[in-house]
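As structure tokens, the structure follows; a few thoughts come after it.
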Amino acid sequence: MQTNNIILIGFMAAGKGRTARGLFTLTKKYPVDCDDLIESLCNLKIKQIFERHGEQYFRQLEQLTADWIRLNLRNSVVSTGGGFVRVKGFKQLGTIVYLHGGFHYLIETIYAHPNAKKKIKKRPLLQDLPRAEALYQERLPTYRQVADLEINIEEKTTPTICQEIVSALKLST
Ligand code: S3P
């Protein structure tokens, strides 16, 4: 079953949300963010879900969200959380685009952001950098294995990244 969804994956701080919004400008595919869906479902921020219920509970919510997307969402661009690729049935959600940046590039980018403090604080798995790097190394093969397309995002603007995705996937604009 063709969903016509584009599913953006990648590690924290790869810019999945802003790429989804950029793709909307070009393709009119509506941007949907998995973490936003989970936050509105629980009426809690991701950080609060981790603190009150633990990571495993959050992963169950990701599975619930993936199942909902598979059954209901069409013609959209989905930005996922960095660990979303582990849900069952992931490949059925749409065309998977992996936004790749090296770990140090991603961390430098987030630290250079005007809202760096807030952006780091809201991500429980970015609090301990050596652990975050280990997580990055562990996930990298999975990102590459599930991806239909890999885009290197280093030193590129969001419009350039979006244009590359549109060209590579021959999306209508
Ligand atoms: C997570 C990434 C976060 C968010 C949660 C867990 C992860 O999303 O889903 O904090 O496991 O990598 P972003 O990738 O948008 O930061």
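Identifiers in this document derive from the order of the structure tokens: chains are assigned A, B, ..., residues are numbered from 1 separately in each chain, and ligands are numbered from 1 in order of occurrence.
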
Practice prompt. Kindly compile the residues surrounding ligand 1 within 10 Å, counting only C-alpha atoms and all ligand atoms, and format them as number ranges by chain.
Written response: A: 9-17, 33-36, 38, 45-47, 49-50, 55, 58-59, 62, 79-86, 119-126, 132, 135-136, 139

Worksheet entry | stretch 165-172 of chain A surroundings by only C-alpha atoms, 9 Å radius, close-in-sequence under 4 positions cut, as a VMD selection string | chain A and resid 23 26 to 27 95 97 149 151 160 to 161

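Counting only C-alpha atoms and comparing A:Asn152, A:Gln127, A:Gly102, A:Asn115, the residue that lies closest to A:Leu140 is A:Gly102.
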
Worksheet item: What is the atom CA of A:Glu164-atom CA of A:Ile107 distance in Å, reported with one decimal?
Response: 23.1 Å

Discussion item. Need to verify the contact set: A:Thr19, 8 Å, only C-alpha atoms, exclusion of same-chain residues closer than 6 positions in sequence. Can you return it as number ranges by chain?
Written reply: A: 158-159, 161-162

Worksheet item: Among chain A, which ones does DSSP place in alpha helix (DSSP H), written as an MDAnalysis selection string?
Response: chainID A and resid 16:27 34:42 46:53 55:72 103:112 116:121 129:146 158:169
